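Participant: Structure file input-v6.pdb (PDB, C-alpha atoms) right here:
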```pdb
ATOM      1  CA  MET A  30      41.793  56.862 -29.460
ATOM      2  CA  THR A  31      43.794  53.659 -29.682
ATOM      3  CA  ASP A  32      47.567  53.687 -29.662
ATOM      4  CA  THR A  33      47.870  51.642 -32.870
ATOM      5  CA  GLY A  34      51.274  52.179 -34.423
ATOM      6  CA  ARG A  35      52.455  54.510 -31.710
ATOM      7  CA  MET A  36      56.136  54.142 -30.896
ATOM      8  CA  HIS A  37      57.189  54.164 -27.267
ATOM      9  CA  HIS A  38      59.278  57.352 -27.430
ATOM     10  CA  ASP A  39      56.499  59.339 -29.140
ATOM     11  CA  MET A  40      54.951  60.488 -25.876
ATOM     12  CA  GLY A  41      53.297  63.810 -26.698
ATOM     13  CA  GLY A  42      49.899  64.016 -25.008
ATOM     14  CA  ARG A  43      50.312  60.959 -22.819
ATOM     15  CA  GLU A  44      49.776  61.198 -19.071
ATOM     16  CA  ALA A  45      53.170  62.082 -17.582
ATOM     17  CA  GLY A  46      52.568  63.714 -14.205
ATOM     18  CA  PRO A  47      53.932  67.095 -13.130
ATOM     19  CA  VAL A  48      57.101  68.586 -14.651
ATOM     20  CA  VAL A  49      60.005  68.813 -12.188
ATOM     21  CA  ARG A  50      61.123  72.440 -12.481
ATOM     22  CA  THR A  51      63.968  72.473  -9.989
ATOM     23  CA  PRO A  52      67.418  72.934 -11.572
ATOM     24  CA  HIS A  53      69.661  69.886 -11.467
ATOM     25  CA  SER A  54      73.357  69.430 -12.149
ATOM     26  CA  HIS A  55      74.947  66.959 -14.542
ATOM     27  CA  PRO A  56      77.754  64.632 -13.494
ATOM     28  CA  ASP A  57      80.993  64.986 -15.482
ATOM     29  CA  TRP A  58      80.414  61.840 -17.544
ATOM     30  CA  GLU A  59      77.164  63.257 -18.904
ATOM     31  CA  LYS A  60      78.942  66.442 -19.982
ATOM     32  CA  ARG A  61      81.570  64.296 -21.702
ATOM     33  CA  VAL A  62      78.913  62.335 -23.588
ATOM     34  CA  ASP A  63      77.334  65.603 -24.731
ATOM     35  CA  ALA A  64      80.741  66.950 -25.819
ATOM     36  CA  LEU A  65      81.522  63.675 -27.613
ATOM     37  CA  MET A  66      78.322  63.916 -29.640
ATOM     38  CA  MET A  67      79.058  67.559 -30.526
ATOM     39  CA  LEU A  68      82.544  66.574 -31.734
ATOM     40  CA  LEU A  69      81.309  63.559 -33.704
ATOM     41  CA  SER A  70      78.606  65.589 -35.445
ATOM     42  CA  ASN A  71      80.410  68.877 -36.110
ATOM     43  CA  ASN A  72      81.107  70.104 -39.635
ATOM     44  CA  GLU A  73      84.718  68.894 -39.576
ATOM     45  CA  ARG A  74      83.731  65.293 -38.854
ATOM     46  CA  ARG A  75      80.063  64.653 -39.620
ATOM     47  CA  LEU A  76      80.409  61.107 -38.296
ATOM     48  CA  ILE A  77      76.954  60.933 -36.685
ATOM     49  CA  LYS A  78      73.934  63.015 -37.553
ATOM     50  CA  VAL A  79      71.448  63.964 -34.874
ATOM     51  CA  ASP A  80      68.810  61.964 -36.768
ATOM     52  CA  GLU A  81      71.013  58.861 -36.472
ATOM     53  CA  LEU A  82      71.427  59.525 -32.747
ATOM     54  CA  ARG A  83      67.654  59.745 -32.379
ATOM     55  CA  ARG A  84      67.047  56.634 -34.458
ATOM     56  CA  GLY A  85      69.458  54.666 -32.261
ATOM     57  CA  ILE A  86      67.632  55.863 -29.150
ATOM     58  CA  GLU A  87      64.239  54.982 -30.603
ATOM     59  CA  GLU A  88      65.505  51.480 -31.421
ATOM     60  CA  LEU A  89      66.468  50.727 -27.806
ATOM     61  CA  GLY A  90      63.052  49.196 -27.156
ATOM     62  CA  ALA A  91      60.426  50.333 -24.676
ATOM     63  CA  GLU A  92      61.937  48.610 -21.660
ATOM     64  CA  ASN A  93      65.476  49.958 -22.110
ATOM     65  CA  TYR A  94      64.173  53.382 -23.110
ATOM     66  CA  SER A  95      62.220  53.598 -19.852
ATOM     67  CA  LYS A  96      64.905  52.359 -17.502
ATOM     68  CA  MET A  97      67.915  54.195 -18.972
ATOM     69  CA  THR A  98      68.696  57.825 -18.181
ATOM     70  CA  TYR A  99      68.867  60.467 -20.919
ATOM     71  CA  TYR A 100      72.639  60.285 -21.409
ATOM     72  CA  GLU A 101      72.724  56.517 -21.012
ATOM     73  CA  ARG A 102      70.459  56.421 -24.067
ATOM     74  CA  TRP A 103      72.836  58.758 -25.904
ATOM     75  CA  THR A 104      75.806  56.550 -24.975
ATOM     76  CA  ALA A 105      74.069  53.405 -26.230
ATOM     77  CA  SER A 106      73.076  55.053 -29.513
ATOM     78  CA  ILE A 107      76.472  56.679 -30.157
ATOM     79  CA  THR A 108      78.154  53.317 -29.504
ATOM     80  CA  HIS A 109      75.830  51.471 -31.838
ATOM     81  CA  ASN A 110      76.201  54.069 -34.593
ATOM     82  CA  LEU A 111      80.022  54.045 -34.383
ATOM     83  CA  LEU A 112      80.074  50.234 -34.529
ATOM     84  CA  GLU A 113      77.635  50.191 -37.435
ATOM     85  CA  LYS A 114      79.780  52.633 -39.420
ATOM     86  CA  GLY A 115      82.988  50.778 -38.637
ATOM     87  CA  ILE A 116      84.532  53.803 -36.910
ATOM     88  CA  ILE A 117      85.280  51.620 -33.891
ATOM     89  CA  THR A 118      85.206  47.846 -33.524
ATOM     90  CA  SER A 119      83.687  45.807 -30.706
ATOM     91  CA  ASP A 120      87.127  44.394 -29.968
ATOM     92  CA  GLU A 121      88.705  47.855 -29.604
ATOM     93  CA  LEU A 122      85.849  49.115 -27.475
ATOM     94  CA  GLY A 123      85.753  45.989 -25.297
ATOM     95  CA  ARG A 124      89.496  46.122 -24.625
ATOM     96  CA  LYS A 125      89.366  49.834 -23.793
ATOM     97  CA  MET A 126      86.453  49.324 -21.419
ATOM     98  CA  ALA A 127      88.272  46.478 -19.670
ATOM     99  CA  GLU A 128      91.391  48.669 -19.377
ATOM    100  CA  ILE A 129      89.422  51.498 -17.780
ATOM    101  CA  GLU A 130      87.660  49.114 -15.397
ATOM    102  CA  GLN A 131      91.069  47.784 -14.350
ATOM    103  CA  VAL A 132      92.376  51.319 -13.719
ATOM    104  CA  ALA A 133      89.303  52.021 -11.588
ATOM    105  CA  ARG A 134      89.833  48.809  -9.606
ATOM    106  CA  ASP A 135      93.515  49.674  -9.092
ATOM    107  CA  GLU A 136      92.585  53.127  -7.850
ATOM    108  CA  ARG A 137      90.175  51.606  -5.356
ATOM    109  CA  GLY A 138      92.862  49.139  -4.354
ATOM    110  CA  ASP A 139      90.700  46.046  -4.948
ATOM    111  CA  GLY A 140      92.275  44.934  -8.232
TER     112      GLY A 140
ATOM    113  CA  MET B  18      58.705  73.712 -55.235
ATOM    114  CA  ALA B  19      56.395  73.794 -52.263
ATOM    115  CA  ARG B  20      53.053  72.097 -52.908
ATOM    116  CA  PHE B  21      51.206  74.155 -50.265
ATOM    117  CA  LEU B  22      50.989  77.858 -49.511
ATOM    118  CA  PRO B  23      50.185  79.825 -46.350
ATOM    119  CA  GLY B  24      46.434  79.685 -45.771
ATOM    120  CA  ASP B  25      46.015  76.210 -47.291
ATOM    121  CA  SER B  26      44.054  73.706 -45.180
ATOM    122  CA  VAL B  27      45.864  70.416 -44.832
ATOM    123  CA  THR B  28      45.388  67.074 -43.115
ATOM    124  CA  VAL B  29      48.308  65.148 -41.633
ATOM    125  CA  ARG B  30      48.494  61.595 -42.967
ATOM    126  CA  TRP B  31      47.077  58.950 -40.627
ATOM    127  CA  ALA B  32      50.052  56.666 -41.132
ATOM    128  CA  PHE B  33      52.383  54.620 -38.949
ATOM    129  CA  PRO B  34      55.486  53.702 -40.931
ATOM    130  CA  PRO B  35      58.419  52.114 -39.112
ATOM    131  CA  GLY B  36      61.706  54.003 -38.833
ATOM    132  CA  HIS B  37      62.646  57.417 -37.476
ATOM    133  CA  ILE B  38      59.539  59.574 -37.826
ATOM    134  CA  ARG B  39      59.421  63.263 -36.887
ATOM    135  CA  THR B  40      55.663  63.632 -37.229
ATOM    136  CA  PRO B  41      54.268  63.335 -33.694
ATOM    137  CA  TYR B  42      51.677  60.629 -33.140
ATOM    138  CA  TYR B  43      49.170  63.050 -31.648
ATOM    139  CA  ILE B  44      48.987  65.203 -34.771
ATOM    140  CA  ARG B  45      48.445  62.406 -37.306
ATOM    141  CA  GLY B  46      45.013  62.520 -38.895
ATOM    142  CA  LYS B  47      44.424  66.102 -37.673
ATOM    143  CA  SER B  48      43.687  69.090 -39.906
ATOM    144  CA  GLY B  49      45.168  72.567 -39.695
ATOM    145  CA  GLU B  50      46.317  75.542 -41.737
ATOM    146  CA  ILE B  51      49.713  76.260 -43.278
ATOM    147  CA  THR B  52      51.129  79.419 -41.699
ATOM    148  CA  ARG B  53      54.635  79.378 -43.209
ATOM    149  CA  VAL B  54      56.706  77.561 -45.787
ATOM    150  CA  LEU B  55      59.941  77.299 -43.803
ATOM    151  CA  ASP B  56      62.405  76.055 -46.437
ATOM    152  CA  SER B  57      63.459  72.685 -47.780
ATOM    153  CA  PHE B  58      65.640  70.351 -45.749
ATOM    154  CA  ALA B  59      67.194  66.925 -46.130
ATOM    155  CA  ASN B  60      64.619  64.327 -45.080
ATOM    156  CA  PRO B  61      65.373  63.238 -41.485
ATOM    157  CA  GLU B  62      63.682  59.878 -42.101
ATOM    158  CA  GLU B  63      66.543  59.151 -44.524
ATOM    159  CA  LEU B  64      69.311  60.952 -42.620
ATOM    160  CA  ALA B  65      68.528  58.697 -39.658
ATOM    161  CA  PHE B  66      69.823  55.726 -41.664
ATOM    162  CA  GLY B  67      72.999  57.365 -42.902
ATOM    163  CA  ARG B  68      71.697  58.444 -46.307
ATOM    164  CA  ASP B  69      71.786  61.979 -47.718
ATOM    165  CA  GLY B  70      68.050  62.686 -47.421
ATOM    166  CA  LEU B  71      67.915  64.281 -50.867
ATOM    167  CA  PRO B  72      65.960  65.660 -52.622
ATOM    168  CA  ALA B  73      65.291  68.121 -49.823
ATOM    169  CA  GLN B  74      61.700  68.171 -48.600
ATOM    170  CA  PRO B  75      59.697  71.364 -47.998
ATOM    171  CA  LEU B  76      59.009  71.898 -44.302
ATOM    172  CA  TYR B  77      55.889  73.776 -43.214
ATOM    173  CA  ARG B  78      54.669  75.371 -40.035
ATOM    174  CA  VAL B  79      51.095  74.196 -39.607
ATOM    175  CA  ARG B  80      48.659  75.678 -37.074
ATOM    176  CA  PHE B  81      46.019  73.484 -35.458
ATOM    177  CA  ALA B  82      43.130  74.416 -33.177
ATOM    178  CA  GLN B  83      43.819  72.740 -29.837
ATOM    179  CA  ASN B  84      40.199  71.652 -29.524
ATOM    180  CA  ARG B  85      40.534  69.814 -32.843
ATOM    181  CA  VAL B  86      43.704  68.053 -31.678
ATOM    182  CA  TRP B  87      42.548  66.993 -28.216
ATOM    183  CA  PRO B  88      38.924  65.809 -27.937
ATOM    184  CA  ASP B  89      38.810  66.709 -24.229
ATOM    185  CA  TYR B  90      40.701  70.025 -24.502
ATOM    186  CA  SER B  91      39.666  72.283 -21.638
ATOM    187  CA  GLY B  92      41.716  75.433 -22.393
ATOM    188  CA  MET B  93      40.624  78.592 -24.205
ATOM    189  CA  VAL B  94      38.559  78.094 -27.356
ATOM    190  CA  GLY B  95      40.973  80.020 -29.589
ATOM    191  CA  ASP B  96      44.103  78.153 -28.448
ATOM    192  CA  THR B  97      46.325  76.815 -31.209
ATOM    193  CA  ILE B  98      49.414  74.660 -31.544
ATOM    194  CA  ASP B  99      52.027  75.027 -34.301
ATOM    195  CA  VAL B 100      53.768  71.884 -35.542
ATOM    196  CA  GLU B 101      56.532  71.764 -38.162
ATOM    197  CA  LEU B 102      55.808  69.036 -40.688
ATOM    198  CA  TYR B 103      57.421  67.769 -43.866
ATOM    199  CA  GLU B 104      55.490  67.902 -47.108
ATOM    200  CA  HIS B 105      55.159  64.155 -47.608
ATOM    201  CA  TRP B 106      53.139  63.997 -44.374
ATOM    202  CA  LEU B 107      50.510  66.468 -45.620
ATOM    203  CA  GLU B 108      47.463  66.132 -47.875
ATOM    204  CA  PRO B 109      44.958  68.823 -48.875
ATOM    205  CA  GLU B 110      42.110  68.852 -46.350
ATOM    206  CA  GLU B 111      38.972  67.346 -47.870
ATOM    207  CA  ALA B 112      36.209  69.949 -47.938
TER     208      ALA B 112
END
```
Take the structure in the file and write it out as structure tokens.
Facilitator:
Amino acid sequence: MTDTGRMHHDMGGREAGPVVRTPHSHPDWEKRVDALMMLLSNNERRLIKVDELRRGIEELGAENYSKMTYYERWTASITHNLLEKGIITSDELGRKMAEIEQVARDERGDG
Amino acid sequence: MARFLPGDSVTVRWAFPPGHIRTPYYIRGKSGEITRVLDSFANPEELAFGRDGLPAQPLYRVRFAQNRVWPDYSGMVGDTIDVELYEHWLEPEEA
């Protein structure tokens, strides 16, 4: 069987090696990303649908999809969807990110 | 109304459209049997692009023999896999 038309994320049946069954914990930022998606998609807001989240992840491209972790993919897709819908702007997001990076540098004392 | 009923033999379309597709690659072109008409739901292929996905599409649970899905299947002969598929991905199986 050739892989004509197969998208990178559509992996069912491909060789993947053994499944790691040991429990693992999630860092706080991953829990926040999960909570953010729940809040954005709940019935009060309906700002992003799960299908839109998935579409954004599938559009990352094979290379990014492979090298990013699960919640990094979520973060990239949520960001893209919010920008696309005009819920946030690049300028707002960029300034906020710079502000948080500065706070982190100050806390480390190397700002 | 649902086009298919439990017991109907169907073939999944051998198609590769771009976009957000819920029909797994491995099941395309395979034939199985409808086991349940689940309900109708907004089409995720449309929801993925911010549209309403209406009219709602019937969703079916379709049962496939594993040895018809995987040419080199080495499990039990009677093994099956159930996949939930939207109506526009299904055609009647040619006799």
Participant: Check what the ChimeraX specification (/A :<9) & /B selects in the file above and give those residues as a PyMOL selection string.
Facilitator: chain B and resi 32-38+41-43+61-67+87
Participant: Once the PyMOL selection byres ((chain B and resi 69-81) around 6) has been applied to the shown file, what residues remain in the selection, as a list in words?
Facilitator: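 Output of the PyMOL selection byres ((chain B and resi 69-81) around 6): Ala19, Gly49, Glu50, Ile51, Thr52, Arg53, Val54, Leu55, Asp56, Ser57, Phe58, Ala59, Asn60, Glu63, Leu64, Arg68, Ala82, Thr97, Ile98, Asp99, Val100, Glu101, Leu102, Tyr103 and Glu104 of chain B.
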Participant: Give me, please, the distance in Å between atom CA of Tyr90 of chain B and atom CA of His38 of chain A, quoted to one decimal.
Facilitator: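 According to the coordinates, atom CA of Tyr90 of chain B and atom CA of His38 of chain A are separated by 22.7 Å.
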Participant: Atom CA of Arg39 of chain B and atom CA of Pro109 of chain B are how many Å apart?
Facilitator: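 Taking atom CA of Arg39 of chain B and atom CA of Pro109 of chain B, their separation equals 19.6 Å.
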Participant: I'd like to know which of B:Ile44, B:Met18, B:Gln83, B:Gly24 is closest to Trp106 of chain B, using all atoms listed in the file.
Facilitator: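 Residue with the minimum atom-to-atom distance to Trp106 of chain B: B:Ile44.
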Participant: Could you check how far atom CA of Gly90 of chain A sits from atom CA of Leu112 of chain A, in Å to one decimal?
Facilitator: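 Atom CA of Leu112 of chain A lies at a distance of 18.6 Å from atom CA of Gly90 of chain A.
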Participant: Evaluate the PyMOL selection byres ((chain A and resi 59) around 12) on the structure here and hand back the selected residues as a compact mmCIF listing (two decimals) with C-alpha atoms, keeping the file's coordinate frame.
Facilitator:
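Contents of the output file part.txt:
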```txt
# COMPACT_ATOMS: atom_id res chain seq x y z
CA SER A 54 73.36 69.43 -12.15
CA HIS A 55 74.95 66.96 -14.54
CA PRO A 56 77.75 64.63 -13.49
CA ASP A 57 80.99 64.99 -15.48
CA TRP A 58 80.41 61.84 -17.54
CA LYS A 60 78.94 66.44 -19.98
CA ARG A 61 81.57 64.30 -21.70
CA VAL A 62 78.91 62.34 -23.59
CA ASP A 63 77.33 65.60 -24.73
CA ALA A 64 80.74 66.95 -25.82
CA LEU A 65 81.52 63.68 -27.61
CA MET A 66 78.32 63.92 -29.64
CA THR A 98 68.70 57.82 -18.18
CA TYR A 99 68.87 60.47 -20.92
CA TYR A 100 72.64 60.28 -21.41
CA GLU A 101 72.72 56.52 -21.01
CA ARG A 102 70.46 56.42 -24.07
CA TRP A 103 72.84 58.76 -25.90
CA THR A 104 75.81 56.55 -24.98
```
Participant: Could you put an axis-aligned box around every listed atom of segment 45-48 of chain A, padded by 8 Å on each side, and send me its centre and edge lengths in Å to one decimal, as lines of an AutoDock Vina configuration file?
Facilitator:
```
center_x = 54.8
center_y = 65.3
center_z = -15.4
size_x = 20.5
size_y = 22.5
size_z = 20.5
```
Participant: Nearest to Arg45 of chain B among B:Pro88, B:Gly95, B:Arg30, B:Pro23, with distances taken over all atoms listed in the file: which residue is it?
Facilitator: B:Arg30
